$ cat work.txt   # compact mmCIF, C-alpha atoms
# COMPACT_ATOMS: atom_id res chain seq x y z
CA MET A 1 99.71 279.53 202.34
CA THR A 2 99.71 281.63 199.25
CA THR A 3 101.76 281.00 196.17
CA LYS A 4 103.11 284.12 194.59
CA ILE A 5 103.31 283.88 190.85
CA GLU A 6 105.85 286.24 189.28
CA VAL A 7 105.20 287.14 185.69
CA VAL A 8 107.79 288.77 183.49
CA SER A 9 105.22 290.90 181.80
CA ASP A 10 107.49 293.01 179.67
CA ILE A 11 109.87 290.98 177.57
CA MET A 12 111.29 294.26 176.25
CA GLU A 13 112.07 295.49 179.76
CA SER A 14 113.83 292.22 180.54
CA ASN A 15 115.86 292.61 177.34
CA GLU A 16 116.78 296.18 178.21
CA ILE A 17 118.15 295.12 181.58
CA ALA A 18 120.34 292.52 179.87
CA ALA A 19 121.40 295.10 177.27
CA ARG A 20 122.55 297.51 180.00
CA ARG A 21 124.67 294.74 181.49
CA ASN A 22 126.20 294.11 178.04
CA ARG A 23 126.80 297.86 177.68
CA GLU A 24 128.83 297.94 180.88
CA ALA A 25 130.92 295.00 179.69
CA PHE A 26 131.48 296.61 176.28
CA ASP A 27 132.56 299.81 178.04
CA ALA A 28 135.04 297.82 180.13
CA MET A 29 136.48 296.44 176.88
CA GLY A 30 136.70 299.97 175.45
CA ALA A 31 134.62 298.88 172.46
CA TYR A 32 132.41 300.86 170.10
CA VAL A 33 129.62 298.46 169.15
CA ILE A 34 127.59 298.41 165.93
CA ASN A 35 124.37 296.40 165.58
CA LEU A 36 124.23 295.77 161.82
CA MET A 37 120.77 295.01 160.46
CA SER A 38 118.96 294.48 157.14
CA GLY A 39 116.63 292.20 155.26
CA PRO A 40 118.10 288.91 153.99
CA GLY A 41 120.66 289.31 151.23
CA ALA A 42 121.05 293.11 151.45
CA GLY A 43 124.82 292.73 151.83
CA LYS A 44 125.70 292.72 155.55
CA THR A 45 128.40 290.06 155.27
CA SER A 46 129.88 291.62 152.11
CA LEU A 47 130.08 294.93 153.97
CA LEU A 48 131.80 293.19 156.89
CA GLU A 49 134.37 291.65 154.54
CA ILE A 50 135.20 295.05 153.10
CA THR A 51 135.26 296.67 156.53
CA LEU A 52 137.67 294.04 157.85
CA GLU A 53 139.89 294.48 154.78
CA GLU A 54 140.05 298.20 155.48
CA LEU A 55 140.27 298.29 159.27
CA ALA A 56 141.40 294.95 160.73
CA ASP A 57 145.08 296.03 160.61
CA ARG A 58 144.39 299.40 162.25
CA TYR A 59 141.92 298.52 165.02
CA ARG A 60 141.33 295.68 167.46
CA MET A 61 138.10 294.26 166.07
CA ALA A 62 135.72 291.39 166.77
CA ILE A 63 132.59 290.14 165.00
CA ILE A 64 129.50 288.51 166.48
CA GLU A 65 127.53 286.68 163.76
CA GLY A 66 123.81 285.99 164.19
CA ASP A 67 122.17 283.34 162.02
CA ILE A 68 119.23 281.02 162.42
CA THR A 69 121.41 278.04 161.59
CA GLY A 70 124.88 277.24 160.27
CA THR A 71 128.19 279.09 160.16
CA PHE A 72 128.15 280.27 156.53
CA ASP A 73 128.80 283.94 157.26
CA ALA A 74 131.38 283.26 159.97
CA GLU A 75 133.27 281.06 157.48
CA ARG A 76 133.33 283.93 154.96
CA LEU A 77 135.06 286.06 157.62
CA SER A 78 137.50 283.39 158.82
CA ARG A 79 140.27 284.57 156.45
CA PHE A 80 140.76 287.63 158.66
CA ASP A 81 142.81 287.50 161.82
CA VAL A 82 139.85 288.70 163.88
CA PRO A 83 137.77 286.82 166.49
CA VAL A 84 134.38 285.77 165.11
CA VAL A 85 131.71 284.31 167.41
CA GLN A 86 128.74 282.62 165.73
CA ILE A 87 125.31 282.68 167.39
CA ASN A 88 122.69 280.23 166.10
CA THR A 89 119.27 281.51 167.13
CA ARG A 90 117.60 278.11 166.41
CA GLY A 91 114.64 279.64 164.67
CA ALA A 92 114.47 283.06 166.34
CA CYS A 93 114.33 285.84 163.78
CA HIS A 94 116.47 288.37 165.68
CA LEU A 95 119.28 288.67 168.21
CA ASP A 96 118.51 289.72 171.77
CA ALA A 97 120.70 290.96 174.60
CA ASN A 98 120.97 287.58 176.31
CA MET A 99 122.29 285.93 173.14
CA ILE A 100 124.92 288.68 172.89
CA HIS A 101 125.80 288.20 176.55
CA GLN A 102 126.54 284.53 175.87
CA ALA A 103 128.55 285.37 172.74
CA MET A 104 130.65 287.93 174.65
CA ALA A 105 131.82 285.18 176.98
CA LYS A 106 133.39 283.46 173.94
CA LEU A 107 135.46 286.51 172.93
CA PRO A 108 139.14 286.46 173.90
CA ASP A 109 140.01 288.54 176.95
CA GLY A 110 141.28 292.03 176.39
CA LYS A 111 140.42 295.37 174.85
CA PHE A 112 138.60 295.97 171.57
CA ASP A 113 138.15 299.17 169.57
CA LEU A 114 135.24 297.97 167.46
CA ILE A 115 132.78 295.10 167.73
CA ILE A 116 130.27 294.59 164.94
CA VAL A 117 127.21 292.42 165.57
CA GLU A 118 125.68 291.06 162.35
CA ASN A 119 122.01 290.50 163.09
CA VAL A 120 119.69 287.92 161.48
CA GLY A 121 118.54 288.98 158.01
CA ASN A 122 115.14 290.46 158.78
CA LEU A 123 113.82 293.97 158.21
CA VAL A 124 111.35 293.76 161.12
CA CYS A 125 112.20 292.26 164.52
CA PRO A 126 115.92 293.01 164.98
CA ALA A 127 115.02 296.71 165.28
CA GLU A 128 112.89 295.97 168.35
CA PHE A 129 115.70 294.53 170.47
CA VAL A 130 118.62 296.53 171.84
CA VAL A 131 121.71 294.42 172.55
CA GLY A 132 123.89 297.05 174.25
CA GLU A 133 125.13 298.66 171.02
CA ASP A 134 126.37 302.24 170.52
CA ALA A 135 124.67 302.47 167.15
CA LYS A 136 122.29 300.55 164.96
CA VAL A 137 123.40 300.65 161.32
CA MET A 138 121.17 299.27 158.59
CA LEU A 139 121.47 298.37 154.94
CA LEU A 140 118.71 298.82 152.39
CA SER A 141 119.59 297.31 149.01
CA THR A 142 118.18 298.76 145.82
CA PRO A 143 116.61 295.49 144.55
CA GLU A 144 114.38 295.47 147.64
CA GLY A 145 112.54 298.51 146.28
CA ASP A 146 112.16 302.17 147.22
CA ASP A 147 108.87 301.46 149.05
CA LYS A 148 110.59 299.68 151.96
CA PRO A 149 111.14 302.69 154.30
CA LYS A 150 107.41 303.43 154.53
CA LYS A 151 106.51 299.74 154.81
CA TYR A 152 109.11 298.88 157.49
CA PRO A 153 109.63 302.21 159.29
CA LEU A 154 110.94 301.04 162.69
CA MET A 155 114.40 299.97 161.54
CA PHE A 156 114.89 303.31 159.75
CA LEU A 157 113.70 305.13 162.87
CA GLU A 158 116.08 303.25 165.16
CA SER A 159 119.23 303.48 162.99
CA LYS A 160 121.93 306.15 163.14
CA LEU A 161 123.04 305.33 159.59
CA CYS A 162 121.31 303.81 156.57
CA LEU A 163 123.64 302.43 153.91
CA ILE A 164 121.84 302.18 150.57
CA ASN A 165 123.67 299.20 149.08
CA LYS A 166 123.83 297.75 145.55
CA ILE A 167 123.71 301.32 144.22
CA ASP A 168 125.32 299.93 141.02
CA LEU A 169 121.99 298.17 140.30
CA LEU A 170 119.97 301.42 140.60
CA ASP A 171 118.91 301.55 136.96
CA ALA A 172 118.46 297.79 136.53
CA VAL A 173 115.91 297.64 139.36
CA SER A 174 114.05 300.99 138.91
CA PHE A 175 114.85 302.17 142.45
CA ASP A 176 113.91 305.84 142.94
CA LEU A 177 116.82 307.03 145.08
CA GLU A 178 115.43 310.50 145.79
CA LYS A 179 112.06 309.10 146.89
CA ALA A 180 113.76 306.56 149.15
CA LYS A 181 115.99 309.18 150.79
CA ARG A 182 113.05 311.55 151.24
CA ASP A 183 110.96 308.80 152.88
CA ILE A 184 113.85 307.70 155.13
CA ARG A 185 114.44 311.29 156.33
CA GLU A 186 110.71 311.78 156.89
CA ILE A 187 110.77 308.78 159.27
CA ASN A 188 114.07 309.81 160.90
CA PRO A 189 115.36 313.36 160.25
CA ASN A 190 118.60 312.64 162.16
CA ILE A 191 119.68 309.58 160.19
CA ASP A 192 122.84 309.62 158.07
CA ILE A 193 122.54 308.10 154.59
CA ILE A 194 125.45 306.81 152.49
CA GLU A 195 125.07 305.21 149.07
CA ILE A 196 127.41 302.26 148.58
CA SER A 197 128.17 299.29 146.40
CA CYS A 198 130.09 296.42 147.95
CA ARG A 199 130.66 295.20 144.38
CA THR A 200 132.14 298.37 142.81
CA ARG A 201 133.31 299.86 146.14
CA GLN A 202 131.45 303.10 145.42
CA GLY A 203 130.88 304.95 148.70
CA ILE A 204 133.02 302.60 150.80
CA ASP A 205 135.44 305.42 151.67
CA ALA A 206 132.52 307.42 153.09
CA TRP A 207 131.40 304.44 155.18
CA ILE A 208 134.92 303.87 156.54
CA GLU A 209 135.19 307.59 157.34
CA TRP A 210 131.80 307.56 159.14
CA LEU A 211 132.91 304.56 161.18
CA THR A 212 136.41 305.76 162.09
CA GLU A 213 135.01 309.16 163.16
CA LYS A 214 132.95 307.26 165.73
CA LEU A 215 136.03 305.38 166.97
CA LYS A 216 137.91 308.63 167.67
CA LYS A 217 135.34 309.78 170.20
CA MET B 1 87.93 277.65 196.86
CA THR B 2 90.57 276.99 194.27
CA THR B 3 91.35 279.17 191.33
CA LYS B 4 92.18 277.24 188.22
CA ILE B 5 94.67 279.01 186.03
CA GLU B 6 94.55 277.98 182.39
CA VAL B 7 97.72 278.52 180.45
CA VAL B 8 97.85 278.37 176.68
CA SER B 9 101.26 276.81 176.69
CA ASP B 10 101.63 276.15 173.01
CA ILE B 11 101.09 279.22 170.88
CA MET B 12 101.57 277.04 167.81
CA GLU B 13 98.82 274.66 168.90
CA SER B 14 96.48 277.58 169.48
CA ASN B 15 97.31 278.86 165.99
CA GLU B 16 96.68 275.46 164.46
CA ILE B 17 93.21 275.29 166.00
CA ALA B 18 92.40 278.71 164.50
CA ALA B 19 93.87 277.60 161.16
CA ARG B 20 91.60 274.53 161.07
CA ARG B 21 88.61 276.80 161.64
CA ASN B 22 89.78 279.00 158.74
CA ARG B 23 90.25 275.89 156.60
CA GLU B 24 86.62 274.88 157.13
CA ALA B 25 85.45 278.36 156.19
CA PHE B 26 87.67 278.39 153.07
CA ASP B 27 86.23 274.98 152.10
CA ALA B 28 82.71 276.35 152.49
CA MET B 29 83.67 279.16 150.10
CA GLY B 30 85.11 276.60 147.65
CA ALA B 31 88.43 278.43 147.70
CA TYR B 32 91.95 277.21 146.96
CA VAL B 33 94.16 279.28 149.26
CA ILE B 34 97.80 280.27 148.71
CA ASN B 35 99.97 281.65 151.51
CA LEU B 36 102.54 283.73 149.57
CA MET B 37 105.80 284.37 151.43
CA SER B 38 109.26 285.87 150.84
CA GLY B 39 111.81 288.28 152.23
CA PRO B 40 111.06 292.00 151.76
CA GLY B 41 111.22 293.20 148.18
CA ALA B 42 111.44 289.77 146.53
CA GLY B 43 108.43 290.61 144.33
CA LYS B 44 105.27 289.25 146.00
CA THR B 45 103.09 292.21 145.05
CA SER B 46 104.46 292.35 141.50
CA LEU B 47 103.61 288.66 141.15
CA LEU B 48 100.10 289.34 142.45
CA GLU B 49 99.62 292.12 139.89
CA ILE B 50 100.60 289.78 137.06
CA THR B 51 98.49 286.94 138.47
CA LEU B 52 95.43 289.19 138.69
CA GLU B 53 96.02 290.42 135.13
CA GLU B 54 96.08 286.81 133.93
CA LEU B 55 93.33 285.25 136.05
CA ALA B 56 90.97 287.84 137.51
CA ASP B 57 88.64 287.55 134.51
CA ARG B 58 88.58 283.75 134.60
CA TYR B 59 88.27 283.00 138.30
CA ARG B 60 86.54 284.47 141.36
CA MET B 61 89.53 285.75 143.29
CA ALA B 62 90.26 287.64 146.50
CA ILE B 63 93.45 288.94 148.08
CA ILE B 64 94.37 289.28 151.76
CA GLU B 65 97.30 291.68 152.17
CA GLY B 66 99.52 291.49 155.25
CA ASP B 67 101.72 294.47 156.14
CA ILE B 68 103.13 295.88 159.33
CA THR B 69 101.65 299.27 158.54
CA GLY B 70 99.95 301.12 155.70
CA THR B 71 98.01 300.07 152.61
CA PHE B 72 100.72 300.47 149.97
CA ASP B 73 100.40 296.99 148.46
CA ALA B 74 96.60 296.96 148.63
CA GLU B 75 96.58 300.26 146.70
CA ARG B 76 98.75 298.71 143.99
CA LEU B 77 96.07 296.01 143.55
CA SER B 78 93.06 298.33 143.69
CA ARG B 79 92.93 298.71 139.89
CA PHE B 80 91.59 295.16 139.64
CA ASP B 81 87.95 294.35 140.23
CA VAL B 82 88.84 291.95 143.01
CA PRO B 83 88.19 292.21 146.77
CA VAL B 84 91.36 293.14 148.68
CA VAL B 85 91.43 293.06 152.49
CA GLN B 86 94.39 294.74 154.21
CA ILE B 87 95.70 293.44 157.53
CA ASN B 88 98.02 295.70 159.53
CA THR B 89 99.97 293.55 161.97
CA ARG B 90 101.06 296.59 164.05
CA GLY B 91 104.63 295.42 164.37
CA ALA B 92 104.19 291.66 164.14
CA CYS B 93 106.51 290.16 161.55
CA HIS B 94 104.13 287.48 160.24
CA LEU B 95 100.46 286.67 159.72
CA ASP B 96 98.75 284.17 161.99
CA ALA B 97 95.49 282.29 161.70
CA ASN B 98 93.53 284.69 163.92
CA MET B 99 94.48 287.66 161.76
CA ILE B 100 93.28 285.75 158.70
CA HIS B 101 90.05 284.86 160.51
CA GLN B 102 89.37 288.55 161.08
CA ALA B 103 90.23 289.40 157.48
CA MET B 104 87.89 286.70 156.15
CA ALA B 105 84.99 288.43 157.89
CA LYS B 106 85.65 291.46 155.65
CA LEU B 107 85.40 289.49 152.41
CA PRO B 108 82.12 289.78 150.50
CA ASP B 109 79.75 286.83 150.92
CA GLY B 110 79.84 284.14 148.29
CA LYS B 111 82.08 281.61 146.59
CA PHE B 112 85.71 282.09 145.60
CA ASP B 113 87.94 279.94 143.41
CA LEU B 114 91.26 281.35 144.59
CA ILE B 115 92.31 283.42 147.60
CA ILE B 116 95.92 284.57 147.83
CA VAL B 117 97.28 285.73 151.18
CA GLU B 118 100.34 287.99 150.81
CA ASN B 119 102.34 287.57 153.99
CA VAL B 120 104.63 290.14 155.64
CA GLY B 121 108.01 290.40 153.90
CA ASN B 122 110.16 288.16 156.08
CA LEU B 123 112.08 285.01 155.22
CA VAL B 124 111.80 283.61 158.76
CA CYS B 125 108.63 283.72 160.86
CA PRO B 126 105.81 283.51 158.29
CA ALA B 127 106.87 279.91 157.58
CA GLU B 128 106.15 278.96 161.21
CA PHE B 129 102.46 279.88 161.17
CA VAL B 130 99.80 278.01 159.21
CA VAL B 131 96.78 280.17 158.37
CA GLY B 132 94.50 277.50 156.85
CA GLU B 133 96.10 277.55 153.40
CA ASP B 134 96.20 274.78 150.79
CA ALA B 135 99.75 275.64 149.80
CA LYS B 136 102.59 277.84 150.88
CA VAL B 137 104.31 279.40 147.87
CA MET B 138 107.52 281.37 148.29
CA LEU B 139 109.66 283.70 146.23
CA LEU B 140 113.43 283.85 146.38
CA SER B 141 114.86 286.73 144.34
CA THR B 142 118.29 286.46 142.77
CA PRO B 143 119.71 289.65 144.40
CA GLU B 144 119.17 288.04 147.82
CA GLY B 145 121.93 285.54 147.01
CA ASP B 146 122.20 281.81 146.36
CA ASP B 147 123.15 281.14 150.01
CA LYS B 148 119.64 281.85 151.31
CA PRO B 149 118.17 278.30 151.15
CA LYS B 150 120.78 276.91 153.53
CA LYS B 151 120.58 279.95 155.81
CA TYR B 152 116.77 280.09 156.02
CA PRO B 153 115.74 276.45 155.41
CA LEU B 154 112.30 276.36 157.06
CA MET B 155 110.44 278.39 154.42
CA PHE B 156 111.89 276.19 151.66
CA LEU B 157 110.92 273.08 153.64
CA GLU B 158 107.33 274.27 154.14
CA SER B 159 106.62 275.48 150.60
CA LYS B 160 105.04 273.48 147.76
CA LEU B 161 106.55 275.84 145.18
CA CYS B 162 109.58 278.13 145.14
CA LEU B 163 109.51 280.84 142.48
CA ILE B 164 113.04 282.11 141.78
CA ASN B 165 112.24 285.70 140.82
CA LYS B 166 114.30 288.45 139.15
CA ILE B 167 115.90 285.77 136.98
CA ASP B 168 116.70 288.59 134.50
CA LEU B 169 119.27 289.88 137.04
CA LEU B 170 121.04 286.50 137.30
CA ASP B 171 124.32 287.66 135.75
CA ALA B 172 124.28 291.13 137.33
CA VAL B 173 124.13 289.69 140.84
CA SER B 174 126.32 286.54 140.48
CA PHE B 175 123.55 284.19 141.62
CA ASP B 176 124.52 280.54 141.08
CA LEU B 177 121.19 279.10 139.91
CA GLU B 178 122.27 275.45 139.90
CA LYS B 179 123.68 275.69 143.44
CA ALA B 180 120.49 277.36 144.68
CA LYS B 181 118.24 274.72 143.09
CA ARG B 182 120.42 271.90 144.42
CA ASP B 183 120.30 273.35 147.95
CA ILE B 184 116.53 273.92 147.78
CA ARG B 185 115.91 270.31 146.65
CA GLU B 186 118.26 269.00 149.36
CA ILE B 187 116.07 270.76 151.96
CA ASN B 188 112.80 269.75 150.30
CA PRO B 189 112.94 267.04 147.59
CA ASN B 190 109.23 267.48 146.81
CA ILE B 191 109.26 271.21 146.12
CA ASP B 192 108.48 272.57 142.65
CA ILE B 193 110.82 275.29 141.37
CA ILE B 194 109.96 277.78 138.62
CA GLU B 195 112.29 280.54 137.44
CA ILE B 196 110.46 283.78 136.73
CA SER B 197 110.89 287.46 136.09
CA CYS B 198 107.99 289.76 136.89
CA ARG B 199 109.82 292.39 134.81
CA THR B 200 110.39 290.42 131.56
CA ARG B 201 107.53 287.94 132.19
CA GLN B 202 109.89 285.00 131.70
CA GLY B 203 108.37 281.91 133.34
CA ILE B 204 105.03 283.54 134.12
CA ASP B 205 103.19 281.07 131.85
CA ALA B 206 104.64 278.20 133.89
CA TRP B 207 103.48 279.84 137.16
CA ILE B 208 99.96 280.41 135.79
CA GLU B 209 99.85 276.80 134.59
CA TRP B 210 101.02 275.51 138.01
CA LEU B 211 98.33 277.57 139.71
CA THR B 212 95.44 276.73 137.38
CA GLU B 213 96.29 273.01 137.62
CA LYS B 214 95.67 273.33 141.36
CA LEU B 215 92.31 275.03 140.77
CA LYS B 216 91.04 272.14 138.63
CA LYS B 217 91.36 269.64 141.48

$ encode --input "work.txt" --output "structure tokens"
Amino acid sequence: MTTKIEVVSDIMESNEIAARRNREAFDAMGAYVINLMSGPGAGKTSLLEITLEELADRYRMAIIEGDITGTFDAERLSRFDVPVVQINTRGACHLDANMIHQAMAKLPDGKFDLIIVENVGNLVCPAEFVVGEDAKVMLLSTPEGDDKPKKYPLMFLESKLCLINKIDLLDAVSFDLEKAKRDIREINPNIDIIEISCRTRQGIDAWIEWLTEKLKK
Amino acid sequence: MTTKIEVVSDIMESNEIAARRNREAFDAMGAYVINLMSGPGAGKTSLLEITLEELADRYRMAIIEGDITGTFDAERLSRFDVPVVQINTRGACHLDANMIHQAMAKLPDGKFDLIIVENVGNLVCPAEFVVGEDAKVMLLSTPEGDDKPKKYPLMFLESKLCLINKIDLLDAVSFDLEKAKRDIREINPNIDIIEISCRTRQGIDAWIEWLTEKLKK
């Protein structure tokens, strides 16, 4: 008698299979899906608040919140009449397709125009895991420094759009905007870049326009 | 004939064994070792520059730099007459004890008073891996937001000292300092907290005093 030992040798391949299954389910819902990523404190939840203020009345939206622990971000979004599902990763530093699969089961039945997944605050690992999204969108905030694209290139390479947030702090934090944009485009020539401030609302119109263009397709 | 298959089931246990081996080697060098952690762009390298300016003439120091790719931070420190070893993690979002073991082999022979390991910019995973250090020290920067302790508790729990950096931006970024300190102490009642600004040098004397106290023991 021989015992056959199966080894899942490629964790990424396993994740991609789960992501394709999510993709089919998102398609059945009619949803455009954004995987929103950044380092901790770059402004993902503030951007979601503004986005819900602008679009929650016009589109059927849902939010999937990823955090290591707690429901702090989900609570910030609870004032909107939009389904929010909180994932606690229990220590894991990124969301994967299986976590999203479980979260999708908690969404109300029906059609959605736009689902935004807020990933764990981490400039590294979230970029390695597809979850079935249409587009990865990332935030880089000016206090993090203009050296971040070259130090953490994968997220910039994987994203369709980079929002440079906290642009109102540009002078206070000595962030070289031209250098940052040049480095980002060197990593990913096809990426869109929009400068925003969730505090002053600079650039928010451009973000909303970028997003609603995607929903028309 | 039977084939015995050994499985290293606990990656953390394996790391701890390697960390103990590092610890013995650090002891043989006479070195106090800091594992310096934070999210990306919180100011680890700026703090190292200031620390080297203050102490490189008085103590035998070495730096181990951890980055996913490149030598950007090591280059910033090259103006000091201090050995700097760069680790490229090739995608990994944290340093582990085996990486440090390999880096130690690149240090010049001899005694050191203080070795500072600059971890990958990530508020999550670095806290899970001991590398043989005497103390974990972390930075939280005010633009990241006062909600970070409760959202990323492990690093605050594991650290002996939390430096709250970019304190000069406190008002510009609406960071509630008292809330942050209360939350940090709720997670870890034994942690030291020092408010600093690498830009204005506020609090740097207190950091240097904290560090040199440790070197006397």

$ closest_atom_pairs --input "work.txt" --of "chain B" --to "chain A" --cutoff "8 Å" --atoms "all atoms listed in the file" --output "Markdown table"
| residue | atom | partner | partner_atom | distance |
| --- | --- | --- | --- | --- |
| B:Gly39 | CA | A:Pro40 | CA | 6.6 |
| B:Pro40 | CA | A:Glu144 | CA | 6.3 |
| B:Gly41 | CA | A:Glu144 | CA | 3.9 |
| B:Ala42 | CA | A:Glu144 | CA | 6.5 |
| B:Asp67 | CA | A:Lys151 | CA | 7.2 |
| B:Ile68 | CA | A:Lys151 | CA | 6.8 |
| B:Thr69 | CA | A:Lys151 | CA | 6.1 |
| B:Gly70 | CA | A:Lys151 | CA | 6.8 |
| B:Phe72 | CA | A:Lys151 | CA | 7.6 |
| B:Gly91 | CA | A:Val124 | CA | 7.6 |
| B:Cys93 | CA | A:Val124 | CA | 6.0 |
| B:Asn122 | CA | A:Asn122 | CA | 6.1 |
| B:Leu123 | CA | A:Asn122 | CA | 7.2 |
| B:Val124 | CA | A:Cys93 | CA | 6.0 |
| B:Cys125 | CA | A:Cys93 | CA | 6.7 |
| B:Pro143 | CA | A:Pro143 | CA | 6.6 |
| B:Glu144 | CA | A:Gly41 | CA | 3.9 |
| B:Gly145 | CA | A:Gly41 | CA | 5.8 |
| B:Lys148 | CA | A:Gly41 | CA | 7.5 |
| B:Lys150 | CA | A:Gly70 | CA | 7.9 |
| B:Lys151 | CA | A:Thr69 | CA | 6.1 |
| B:Tyr152 | CA | A:Ile68 | CA | 6.9 |
| B:Leu169 | CA | A:Ala172 | CA | 8.0 |
| B:Ala172 | CA | A:Leu169 | CA | 8.0 |

$ closest_residue --input "work.txt" --among "B:Asp176, B:Glu195, B:Asp109, B:Glu49" --to "Met138 (chain B)" --atoms "only C-alpha atoms"
B:Glu195

$ atom_distance --input "work.txt" --atom1 "CA of Arg182 (chain B)" --atom2 "CA of Arg201 (chain B)"
23.9 Å

$ residues_near_point --input "work.txt" --point "(119.1, 309.6, 145.4)" --cutoff "10 Å" --atoms "all atoms listed in the file" --output "compact mmCIF listing (two decimals) with C-alpha atoms, keeping the file's coordinate frame"
# COMPACT_ATOMS: atom_id res chain seq x y z
CA ILE A 164 121.84 302.18 150.57
CA ILE A 167 123.71 301.32 144.22
CA LEU A 170 119.97 301.42 140.60
CA PHE A 175 114.85 302.17 142.45
CA ASP A 176 113.91 305.84 142.94
CA LEU A 177 116.82 307.03 145.08
CA GLU A 178 115.43 310.50 145.79
CA LYS A 179 112.06 309.10 146.89
CA ALA A 180 113.76 306.56 149.15
CA LYS A 181 115.99 309.18 150.79
CA ARG A 182 113.05 311.55 151.24
CA ILE A 193 122.54 308.10 154.59
CA ILE A 194 125.45 306.81 152.49
CA GLU A 195 125.07 305.21 149.07

$ residues_around --input "work.txt" --residues "region 96-107 of chain B" --least-positions-apart "4" --cutoff "9 Å" --atoms "only C-alpha atoms" --output "compact mmCIF listing (two decimals) with C-alpha atoms, keeping the file's coordinate frame"
# COMPACT_ATOMS: atom_id res chain seq x y z
CA ASN B 15 97.31 278.86 165.99
CA GLU B 16 96.68 275.46 164.46
CA ILE B 17 93.21 275.29 166.00
CA ALA B 18 92.40 278.71 164.50
CA ALA B 19 93.87 277.60 161.16
CA ARG B 20 91.60 274.53 161.07
CA ARG B 21 88.61 276.80 161.64
CA ASN B 22 89.78 279.00 158.74
CA ALA B 25 85.45 278.36 156.19
CA PHE B 26 87.67 278.39 153.07
CA ALA B 62 90.26 287.64 146.50
CA ILE B 64 94.37 289.28 151.76
CA PRO B 83 88.19 292.21 146.77
CA VAL B 84 91.36 293.14 148.68
CA VAL B 85 91.43 293.06 152.49
CA GLN B 86 94.39 294.74 154.21
CA ILE B 87 95.70 293.44 157.53
CA THR B 89 99.97 293.55 161.97
CA VAL B 117 97.28 285.73 151.18
CA PRO B 126 105.81 283.51 158.29
CA PHE B 129 102.46 279.88 161.17
CA VAL B 130 99.80 278.01 159.21
CA VAL B 131 96.78 280.17 158.37
CA GLY B 132 94.50 277.50 156.85

$ atom_distance --input "work.txt" --atom1 "CA of Ala135 (chain B)" --atom2 "CA of Thr212 (chain B)"
13.2 Å

$ residues_around --input "work.txt" --residues "region 50-55 of chain A" --least-positions-apart "4" --cutoff "9 Å" --atoms "only C-alpha atoms" --output "compact mmCIF listing (two decimals) with C-alpha atoms, keeping the file's coordinate frame"
# COMPACT_ATOMS: atom_id res chain seq x y z
CA THR A 45 128.40 290.06 155.27
CA SER A 46 129.88 291.62 152.11
CA TYR A 59 141.92 298.52 165.02
CA ARG A 60 141.33 295.68 167.46
CA MET A 61 138.10 294.26 166.07
CA LEU A 77 135.06 286.06 157.62
CA PHE A 80 140.76 287.63 158.66
CA VAL A 82 139.85 288.70 163.88
CA CYS A 198 130.09 296.42 147.95
CA ARG A 201 133.31 299.86 146.14
CA ILE A 204 133.02 302.60 150.80
CA TRP A 207 131.40 304.44 155.18
CA ILE A 208 134.92 303.87 156.54
CA THR A 212 136.41 305.76 162.09

$ atom_distance --input "work.txt" --atom1 "CA of Val137 (chain B)" --atom2 "CA of Glu213 (chain B)"
14.5 Å

$ closest_residue --input "work.txt" --among "B:Asp183, B:Asp192, B:Asp113, B:Glu133" --to "Lys160 (chain B)" --atoms "only C-alpha atoms"
B:Asp192

$ closest_residue --input "work.txt" --among "B:Ser174, B:Leu139, B:Lys44, B:Ala28" --to "Arg76 (chain B)" --atoms "only C-alpha atoms"
B:Lys44

$ residues_around --input "work.txt" --residues "Asn165 (chain B)" --least-positions-apart "4" --cutoff "6 Å" --atoms "all atoms listed in the file" --output "list in words"
Leu140, Ser141, Ile196 and Ser197 of chain B
